[in-house]
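K.L.:
First the structure, then my questions, so here it is.
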Amino acid sequence: MDETTLFPPIEPSNFDLIVVGTGLPESIIAAAASAAGKTVLHLDPNPFYGTHSASLPLDDFISFLRSHSESPSLQVQTSDDDDVSIPLATRPLYSNLEINLHSSEPLENSNKFTLDLGAPCAFLCADAMIDLILKTGINQYMEFKSVDSSFVSGGAGKLESVPDSRSAIFKTRSLLGPEKYQLMNFFKHVQGILENGSEEDMEIPFVDFLTKRGLSQKLKSIILYTIAWADYDQGKLEFCKDVITTRSGINRLALYHSSIGRFSNANGAIIYPIYGQGELSQAFCRRAAVKGCIYVLRMPVISVLMDKDGRTYQGVRLASGQELSSTLLILAPSFTIPKSLPPGVEVTNSNHKSPSNAEGKVARGICIAKNSVKPEAANCLVFFPPRSLYPEQITSVRVLQLSSNVGVCPSKTFVTYLSAVCDDSVEGKKLLNAAINALFHIAVSSSSENNEIDNLREHAEEKPCLLWSALYIQDLTKFHGAFNSIKFTPMPDEHLHYDDILDATEKLFKELFPNEDFFATTSTSDEQHLDGNTELDP
Amino acid sequence: MHGIPRKAPTQEERDDSSLRAAKLRDLQSQLLHFHHYKIYTKEAIEISAKLLESNPEHYTGWNYRKLAVQHLLDRHQENEVDSEPPQSVLDGELILVENALKTNFKAYGAWHHRKWVLSKGHSSSDRELRLLGKFQKLDSRNFHAWNYRRFITELKKIPDENELQYTTDMIYDNFSNYSAWHNRSMLLSKLLEKRAKGYEKTENVLSEEFEFVRNALFTDPDDQSGWFYYLWLLGQTLKREPLFISSSPPHGSNLSISIDNPDCQPPFSKIYHQSKERTFPLILYFSEAVEGVNSSTVTVDFDYDGGDGLIWHPLSANKLGFSQAWLTYIKYPHDSLESCHVKVTIAQFPGIISSSGMPCSQPCFISFTASVRSNNQEHSEVQTTHKISWNVENFKAHSTHPEDANLLASLCKLDITKENRPTTPMLCMETISNEIACSRELLSSSNCKIGKLTLARLLVAHNTLITYGCMDSGTEAQYEEILALYHDLMKMDPAHVGYYEDEYSLVLMKQLTSNTESLLKLCGNYQELSSPSISSYTSVQLKGLSLSRVSCVEHLLWVQMLDLSHNKLRSIEGLEALQLLSCLKLSNNRLSSFTALEPLKMLKSLQVLDVSYNEIGSHSIDTRRYMCSSPLNSRLGSEWQLKRFTDEDADLKHFWDAYLLFKDLNLVQLDIVGNAVADERLKAFLVKLMSALKWFDGESCH
């Protein structure tokens with residue numbers, strides 16, 4: 001309690017909105033509410049911005065994962081007084097953390113790394129998040145670098161470049177002439193549909209649409225998993241949990257293609273922020289602060305205060321002991337309000353009771369190596385479509401490799417993120433391990449299966465040696481509101497993009513403030529350029 | 001720039017532009033004043049800079065600038081006080097050009113001025129390449145920049161290999177770039193010619209290039225930039241030595257010369273030629289247009305000497321004097337009636353070169369015998385008064401006469417010391433076969449016209465390689481597929497139907513003439529039954545085949561009577577090589593002017609001509625006229641003597657094209673009915689012009 005007394009009391013003590021956690025959705029809500037003229041207090045128990053969207057030095061990264069893998073810790077209940085106070089608990093989002101150390105070098109340089117907790121994530125130059133960044137003007141706080149190329153595992157462990165544009169189709173050596181024609185012709189066909197509409201049924205699965213256009217298995221796989229970024233095997237509709245419709249498939253293609261060439265100095269469709277994705281939540285926080293939002297870090301919330309009948313939210317009690325009141329409360333998804341609620345309290349959240357598996361999990365991995373998985377590429381994406389690693393693989397594994405030129409690692413080092421949707425941690429780890437084995441050479445002692453080692457030796461000289469790796473499983477359970485005045489933000493999700501998080505966040509904002517604009521449009525010019533320093537200029 | 005739509009100017013912009021125009025006019029008049037009085041003061045030069053920066057197209061401005069710079073440089077050389085050092089003068093010019101190019105980077109004058117400054121030995125290659133980089137990023141297809149780039153690389157001795165890599169990068173960036181493909185072809189030509197390291201094996205380099213460009217064709221077959229490069233590659237692949245392919249008289253033949261008049265029934269085992277001057281024509285025919293056919297490259301051994309000093313004329317020569325067919329006349333000695341042996345050796349000494357610069361290096365020879373037959377004066381009268389009816393009954397197919405068959409077979413055979421011929425490298429054949437397979441693959445999914453056209457061209461190239469003696473003689477030349485492709489193209493792309501018809505005709509003629517069997521079906525012997533006293537003609541019938549032009553005449557050099565009626569002929573180019581031709585039927589074609597008949601002027605033996613039912617005179621504007629000789633053409637100035645026609649000026653002026661054609665022809669029979677131009681006035685004019693004419697439109701003239 002000594003520490004908390006160091007904090008001066010927060011003034012004022014009454015707000016329109018209190019936000020706990022500085023993850024991306026919380027930061028966006030805080031910025032949007034501040035922009036709408038609301039009084040906002042933004043709290044975070046951590047000493048850094050970002051919560052589950054943060055980018056951290058290696059040591060901190062590990063300890064954050066560890067501390068959030070432990071079972072829920074209930075705060076000491078300090079209920080008394082007039083109001084009913086409900087202790088705020090945290091729930092672990094991560095599990096099955098597994099760290100493999102092949103070299104101590106990365107740890108010795110811990111501070112030279114900036115690792116994303118919710119990785120891999122990147123931006124398509126024309127996606128909604130980039131639009132929002134430009135609209136809110138936070139691009140002045142951020143810089144971006146181009147993710148130069150994408151590769152797809154083309155069987156036999158070979159990585160082939162993704163023919164995602166006209167010039168990439170021309171350049172690639174992995175397609176035969178007729179395939180080049182088919183693919184380009186398909187892109188043109190899609191362009192035609194976008195311009196002139198189509199008679200075709202837009203609700204049929206995208207994969208059927210592709211089949212109807214006569215595309216080969218290989219081309220279908222490229223379109224579905226490397227351009228439309230599908231998670232599940234679209235070829236096995238019975239197991240597929242996210243069947244992409246033709247409409248959404250075409251929209252994703254359109255988004256991808258309008259991303260190419262949007263900024264003159266981005267090489268392809270995809271960009272990544274310098275110093276990591278954590279910059280994004282920080283930038284929104286800065287934007288909120290400019291509009292009057294008050295920030296207090298290192299400030300845990302002990303409990304939520306309710307009125308006497310325990311039905312209506314009143315405010316929060318901080319670790320410093322101060323009690324603050326607000327009309328609305330937003331909590332990061334790692335918080336939970338324990339079951340032991342006073343009788344009569346209505347809980348609309350049913351997921352809370354039947355945890356996890358309903359919405360699946362995402363397995364995340366991070367690897368550090370001295371060399372690039374593809375010698376010619378520094379920052380790149382790699383896709384392992386379903387069935388490319390092993391026959392039973394039903395979800396795709398996505399990999400984002402970053403180099404020191406985005407400021408996330410020391411020079412001559414590469415950080416590689418992996419992720420895959422899975423039903424359980426065993427499956428998830430199997431997926432990631434298979435991908436890691438395909439990409440890296442792993443020192444013999446650390447590998448568990450002998451036959452894999454043999455396979456590895458054949459390509460050992462071409463593959464980079466793995467120095468350090470971590471695997472963990474993240475829960476995707478979503479919270480859908482609790483009390484009328486207490487809402488939970490969406491979780492970092494399984495996607496490479498922020499589209500779903502942004503949608504959910506906007507929806508949440510509309511629930512909170514039905515009469516306010518989600519970032520009222522300010523007059524910005526239509527044309528954007530990425531200038532020489534790779535900044536997004538409005 | 002490409003792909004940016006124009007916007008209509010707003011009122012504000014219009015006002016602005018008229019204001020600027022007024023300012024420009026003011027600057028312009030000042031500059032002209034300075035230019036006129038040779039004023040090169042600092043102020044004057046600054047005004048010229050202002051003008052050029054806002055209007056880089058002002059050529060006088062740039063010229064003034066050059067004079068001013070020269071003036072300043074001279075002043076410096078004469079050590080005049082406060083003269084600027086040359087370095088800073090030229091620097092100023094480079095900055096000016098850069099600013100001008102920012103206004104309009106397609107200004108020829110500005111780019112030229114920069115070249116001029118550089119020729120004064122200034123600037124660095126780095127700086128120029130940086131500037132180019134900027135402009136090429138703005139518009140990668142800008143041909144000014146590419147042109148300038150070639151100038152700089154030449155000037156700064158930048159290796160061609162580096163530049164080739166640069167084109168690769170630009171093409172990778174966006175392959176719809178004609179300029180980049182074009183520069184690539186220029187650089188590759190240079191590297192292949194130099195046999196630079198890695199470019200020693202032309203076939204290998206070309207096959208890699210084929211693979212490279214094929215990626216572009218498959219990715220976007222409708223983009224034409226790659227196809228242009230592809231066609232260039234195809235041309236390079238087929239680039240080979242010109243070959244001597246045919247002659248008249250043919251190798252191993254017996255030539256019978258009838259002085260004044262042929263026998264009434266000449267033995268058909270020989271070809272005969274009638275001549276008043278005891279001479280006969282010798283024609284050499286090459287696989288492509290060549291130059292350098294003369295008495296030093298071609299030797300003629302002749303029992304009666306006289307082989308030296310022969311003058312060779314190109315038939316159908318182009319502007320540079322290249323021709324496929326070359327003609328000379330061999331004079332038979334006056335006193336002799338004995339047969340004699342003639343041996344012609346071609347390319348024994350170097351000097352015969354094709355228009356693409358390839359030498360004809362393989363010597364080959366032909367030999368034949370010539371003899372003179374005795375005369376019969378009476379028959380001469382009979383023959384010339386008889387009309388050629390072109391009746392089908394008069395035409396006897398060769399098969400009726402086994403002896404004829406033998407002769408024709410020997411005529412059709414192209415037996416010119418084949419073993420001496422340079423063979424096509426197998427690699428070249430493989431490349432073409434491979435490309436054919438790829439084209440078929442592309443066409444199986446895409447129905448693009450340029451793909452079809454390319455496949456047709458590839459198949460033609462394949463046939464050419466086979467017929468010109470590729471080692472792989474197992475493959476037969478295929479024609480049906482090519483004909484079908486051109487047929488499709490005519491329907492798919494009606495705008496270019498003329499071109500496709502021409503190509504179709506070439507292939508069809510090739511199919512009909514390239515093998516002895518099919519050629520024999522067209523050959524025969526024509527004998528006027530109504531007047532058996534007239535001699536017979538070796539005849540070929542090519543009627544009703546939809547031909548729009550003539551080709552493959554190398555197989556027909558011996559023909560005396562040719563029926564090309566009921567075709568679609570718009571041109572008869574090529575017929576000039578048929579020096580033995582006496583009767584020609586061109587009725588029911590699409591010949592649209594007398595000038596289209598110009599090749600006939602070279603046919604000294606032509607006596608019977610039928611051009612009835614064509615389109616002569618139907619088109620008020622003869623688009624071919626400007627290409628042919630006319631009174632306005634100075635070359636003909638001396639020929640244009642109005643001797644016989646001074647009194648009838650009007651007719652001559654009216655029918656000048658008919659005059660130019662027919663004045664050199666020795667026709668006995670002419671049919672011209674069914675043309676818009678044919679009327680009594682023309683008839684009277686022609687009858688008067690050609691004194692030998694006996695039959696006009698089927699009626700006796702006299």
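Just remember, in the structure tokens the first chain shown is A, the second B, etc., residues are 1-based per chain, and ligands are 1-based in the order shown.
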Hey, could you make a per-residue contact list for chain A against chain B with 10 Å as the cut-off, showing the nearest pair of atoms and its distance in Å to one decimal, counting only C-alpha atoms, sorted by chain and number, as a Markdown table?

P.N.:
```
| residue | atom | partner | partner_atom | distance |
| --- | --- | --- | --- | --- |
| A:Arg166 | CA | B:Thr219 | CA | 7.2 |
| A:Ser167 | CA | B:Asn174 | CA | 5.8 |
| A:Ala168 | CA | B:Tyr172 | CA | 7.9 |
| A:Ile169 | CA | B:Thr219 | CA | 6.5 |
| A:Phe170 | CA | B:Asn215 | CA | 5.3 |
| A:Lys171 | CA | B:Tyr172 | CA | 6.3 |
| A:Thr172 | CA | B:Asn215 | CA | 8.6 |
| A:Arg173 | CA | B:Asn215 | CA | 9.0 |
| A:Leu175 | CA | B:Asn215 | CA | 9.4 |
| A:Leu176 | CA | B:Asn215 | CA | 8.5 |
| A:Gly177 | CA | B:Phe218 | CA | 5.2 |
| A:Pro178 | CA | B:Leu442 | CA | 6.0 |
| A:Glu179 | CA | B:Phe218 | CA | 8.2 |
| A:Lys180 | CA | B:Thr219 | CA | 5.0 |
| A:Tyr181 | CA | B:Thr219 | CA | 4.7 |
| A:Gln182 | CA | B:Ser445 | CA | 7.9 |
| A:Leu183 | CA | B:Thr219 | CA | 7.9 |
| A:Met184 | CA | B:Thr219 | CA | 5.8 |
| A:Asn185 | CA | B:Asp220 | CA | 7.7 |
| A:Lys188 | CA | B:Asp220 | CA | 9.8 |
```

K.L.:
I want to know what sits within 8 Å of Leu508 (chain B), based on only C-alpha atoms, with residues of the same chain fewer than 5 positions away left out; could you give that as a short mmCIF file (atom, residue, chain, number, x, y, z; two decimals) with N, CA, C and O atoms, in the first residue's frame?

P.N.:
```cif
data_model
loop_
_atom_site.label_atom_id
_atom_site.label_comp_id
_atom_site.auth_asym_id
_atom_site.auth_seq_id
_atom_site.Cartn_x
_atom_site.Cartn_y
_atom_site.Cartn_z
N TYR B 479 0.19 -27.02 -93.26
CA TYR B 479 -0.40 -25.78 -93.77
C TYR B 479 -1.83 -25.57 -93.32
O TYR B 479 -2.25 -24.45 -93.09
N LEU B 483 -3.80 -22.02 -92.28
CA LEU B 483 -4.88 -21.47 -93.09
C LEU B 483 -6.13 -21.28 -92.22
O LEU B 483 -6.80 -20.25 -92.31
N LEU B 547 -6.81 -15.77 -103.58
CA LEU B 547 -5.50 -15.16 -103.35
C LEU B 547 -5.64 -13.65 -103.40
O LEU B 547 -6.32 -13.11 -104.26
#
```

K.L.:
Find the distance between CA of Met299 (chain A) and CA of Asp44 (chain A) and write it in Å to one decimal.

P.N.:
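The value is 5.6 Å.
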
K.L.:
Please identify the strand (DSSP E) residues within region 64-295 of chain B (assignment by DSSP from backbone atoms) and present them as a ChimeraX atom specification.

P.N.:
/B:244-248,254-259,271-275,279-291

K.L.:
What's the 9 Å shell around region 125-135 of chain B, counting only C-alpha atoms, without same-chain residues fewer than 6 positions away, as a PyMOL selection string?

P.N.:
chain B and resi 98+101-102+105+142+145-146+148-149+152-153+155-156+158

K.L.:
Closest to Glu98 (chain A) among A:Gly315, A:Gly365, A:Gly197, A:Gly292, using only C-alpha atoms?

P.N.:
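Smallest distance to Glu98 (chain A) is found for A:Gly365.
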
K.L.:
Applying 6 Å and only C-alpha atoms, which residues near region 516-530 of chain B remain after dropping the ones on its own chain fewer than 3 positions away? List them as a JSON list (two decimals) with all heavy atoms, in the first residue's frame.

P.N.:
```json
[["chain", "number", "residue", "atom", "x", "y", "z"],
["B", 394, "ASN", "N", -8.85, -26.27, -123.89],
["B", 394, "ASN", "CA", -7.53, -26.17, -124.51],
["B", 394, "ASN", "C", -6.41, -26.52, -123.53],
["B", 394, "ASN", "O", -5.25, -26.60, -123.90],
["B", 394, "ASN", "CB", -7.27, -24.75, -125.02],
["B", 394, "ASN", "CG", -8.28, -24.36, -126.05],
["B", 394, "ASN", "OD1", -9.00, -25.23, -126.58],
["B", 394, "ASN", "ND2", -8.36, -23.07, -126.34],
["B", 395, "PHE", "N", -6.82, -26.69, -122.31],
["B", 395, "PHE", "CA", -5.83, -26.90, -121.26],
["B", 395, "PHE", "C", -5.73, -28.38, -120.98],
["B", 395, "PHE", "O", -6.69, -29.02, -120.59],
["B", 395, "PHE", "CB", -6.28, -26.14, -120.01],
["B", 395, "PHE", "CG", -5.29, -26.20, -118.90],
["B", 395, "PHE", "CD1", -4.22, -25.31, -118.87],
["B", 395, "PHE", "CD2", -5.42, -27.13, -117.89],
["B", 395, "PHE", "CE1", -3.31, -25.36, -117.85],
["B", 395, "PHE", "CE2", -4.51, -27.18, -116.87],
["B", 395, "PHE", "CZ", -3.45, -26.30, -116.83],
["B", 396, "LYS", "N", -4.55, -28.92, -121.17],
["B", 396, "LYS", "CA", -4.36, -30.34, -120.93],
["B", 396, "LYS", "C", -3.53, -30.53, -119.68],
["B", 396, "LYS", "O", -2.43, -29.99, -119.57],
["B", 396, "LYS", "CB", -3.63, -30.99, -122.11],
["B", 396, "LYS", "CG", -4.57, -31.42, -123.22],
["B", 396, "LYS", "CD", -3.82, -32.16, -124.31],
["B", 396, "LYS", "CE", -3.02, -31.17, -125.16],
["B", 396, "LYS", "NZ", -2.14, -31.84, -126.12],
["B", 397, "ALA", "N", -4.11, -31.27, -118.79],
["B", 397, "ALA", "CA", -3.37, -31.52, -117.56],
["B", 397, "ALA", "C", -2.13, -32.33, -117.90],
["B", 397, "ALA", "O", -2.10, -33.06, -118.89],
["B", 397, "ALA", "CB", -4.23, -32.27, -116.56],
["B", 398, "HIS", "N", -1.14, -32.22, -117.11],
["B", 398, "HIS", "CA", 0.16, -32.81, -117.42],
["B", 398, "HIS", "C", 0.10, -34.32, -117.55],
["B", 398, "HIS", "O", 0.84, -34.91, -118.28],
["B", 398, "HIS", "CB", 1.17, -32.45, -116.34],
["B", 398, "HIS", "CG", 0.95, -33.21, -115.08],
["B", 398, "HIS", "ND1", 0.01, -32.84, -114.15],
["B", 398, "HIS", "CD2", 1.51, -34.35, -114.64],
["B", 398, "HIS", "CE1", 0.02, -33.71, -113.16],
["B", 398, "HIS", "NE2", 0.92, -34.63, -113.43],
["B", 412, "CYS", "N", 9.85, -28.54, -111.34],
["B", 412, "CYS", "CA", 9.38, -28.24, -109.99],
["B", 412, "CYS", "C", 10.42, -28.59, -108.94],
["B", 412, "CYS", "O", 10.38, -28.09, -107.83],
["B", 412, "CYS", "CB", 8.11, -29.01, -109.69],
["B", 412, "CYS", "SG", 6.80, -28.60, -110.82],
["B", 512, "LEU", "N", 0.54, -24.91, -102.17],
["B", 512, "LEU", "CA", 0.27, -25.42, -103.51],
["B", 512, "LEU", "C", 1.56, -25.69, -104.28],
["B", 512, "LEU", "O", 1.61, -26.58, -105.12],
["B", 512, "LEU", "CB", -0.59, -24.42, -104.28],
["B", 512, "LEU", "CG", -2.02, -24.24, -103.76],
["B", 512, "LEU", "CD1", -2.70, -23.11, -104.50],
["B", 512, "LEU", "CD2", -2.80, -25.54, -103.93],
["B", 513, "THR", "N", 2.58, -24.90, -104.01],
["B", 513, "THR", "CA", 3.77, -24.99, -104.86],
["B", 513, "THR", "C", 4.94, -25.72, -104.23],
["B", 513, "THR", "O", 5.88, -26.08, -104.93],
["B", 513, "THR", "CB", 4.25, -23.58, -105.26],
["B", 513, "THR", "OG1", 4.60, -22.88, -104.07],
["B", 513, "THR", "CG2", 3.20, -22.82, -106.02],
["B", 536, "SER", "N", 2.23, -24.51, -128.22],
["B", 536, "SER", "CA", 1.61, -24.69, -126.92],
["B", 536, "SER", "C", 2.43, -23.98, -125.85],
["B", 536, "SER", "O", 3.60, -23.66, -126.03],
["B", 536, "SER", "CB", 1.49, -26.17, -126.60],
["B", 536, "SER", "OG", 2.77, -26.71, -126.41],
["B", 537, "TYR", "N", 1.77, -23.74, -124.72],
["B", 537, "TYR", "CA", 2.43, -23.05, -123.61],
["B", 537, "TYR", "C", 2.46, -23.94, -122.38],
["B", 537, "TYR", "O", 1.50, -24.64, -122.09],
["B", 537, "TYR", "CB", 1.65, -21.79, -123.24],
["B", 537, "TYR", "CG", 1.61, -20.74, -124.30],
["B", 537, "TYR", "CD1", 0.53, -20.65, -125.18],
["B", 537, "TYR", "CD2", 2.65, -19.82, -124.42],
["B", 537, "TYR", "CE1", 0.47, -19.67, -126.15],
["B", 537, "TYR", "CE2", 2.59, -18.83, -125.39],
["B", 537, "TYR", "CZ", 1.51, -18.76, -126.25],
["B", 537, "TYR", "OH", 1.47, -17.78, -127.21],
["B", 538, "THR", "N", 3.56, -23.88, -121.64],
["B", 538, "THR", "CA", 3.54, -24.50, -120.32],
["B", 538, "THR", "C", 2.73, -23.56, -119.43],
["B", 538, "THR", "O", 3.02, -22.37, -119.34],
["B", 538, "THR", "CB", 4.94, -24.68, -119.74],
["B", 538, "THR", "OG1", 5.61, -23.45, -119.85],
["B", 538, "THR", "CG2", 5.71, -25.75, -120.46],
["B", 539, "SER", "N", 1.75, -24.14, -118.80],
["B", 539, "SER", "CA", 0.74, -23.29, -118.18],
["B", 539, "SER", "C", 0.48, -23.69, -116.73],
["B", 539, "SER", "O", 0.58, -24.86, -116.37],
["B", 539, "SER", "CB", -0.55, -23.41, -119.01],
["B", 539, "SER", "OG", -1.64, -22.97, -118.29],
["B", 540, "VAL", "N", 0.15, -22.70, -115.92],
["B", 540, "VAL", "CA", -0.23, -22.97, -114.53],
["B", 540, "VAL", "C", -1.54, -22.27, -114.24],
["B", 540, "VAL", "O", -1.75, -21.12, -114.64],
["B", 540, "VAL", "CB", 0.86, -22.48, -113.55],
["B", 540, "VAL", "CG1", 0.34, -22.48, -112.13],
["B", 540, "VAL", "CG2", 2.10, -23.35, -113.64],
["B", 541, "GLN", "N", -2.44, -22.99, -113.59],
["B", 541, "GLN", "CA", -3.74, -22.42, -113.27],
["B", 541, "GLN", "C", -3.88, -22.21, -111.78],
["B", 541, "GLN", "O", -3.79, -23.16, -110.99],
["B", 541, "GLN", "CB", -4.82, -23.36, -113.77],
["B", 541, "GLN", "CG", -4.88, -23.40, -115.27],
["B", 541, "GLN", "CD", -6.20, -23.94, -115.75],
["B", 541, "GLN", "OE1", -6.59, -25.03, -115.35],
["B", 541, "GLN", "NE2", -6.88, -23.19, -116.61]]
```

K.L.:
Could you pull out all residues of region 176-330 of chain B with a DSSP call of alpha helix (DSSP H) and give them as a PyMOL selection string?

P.N.:
chain B and resi 178-194+202-219+224-238

K.L.:
CA of Val611 (chain B) and CA of Val553 (chain B) are how many Å apart?

P.N.:
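Going from CA of Val611 (chain B) over to CA of Val553 (chain B) covers 19.8 Å.
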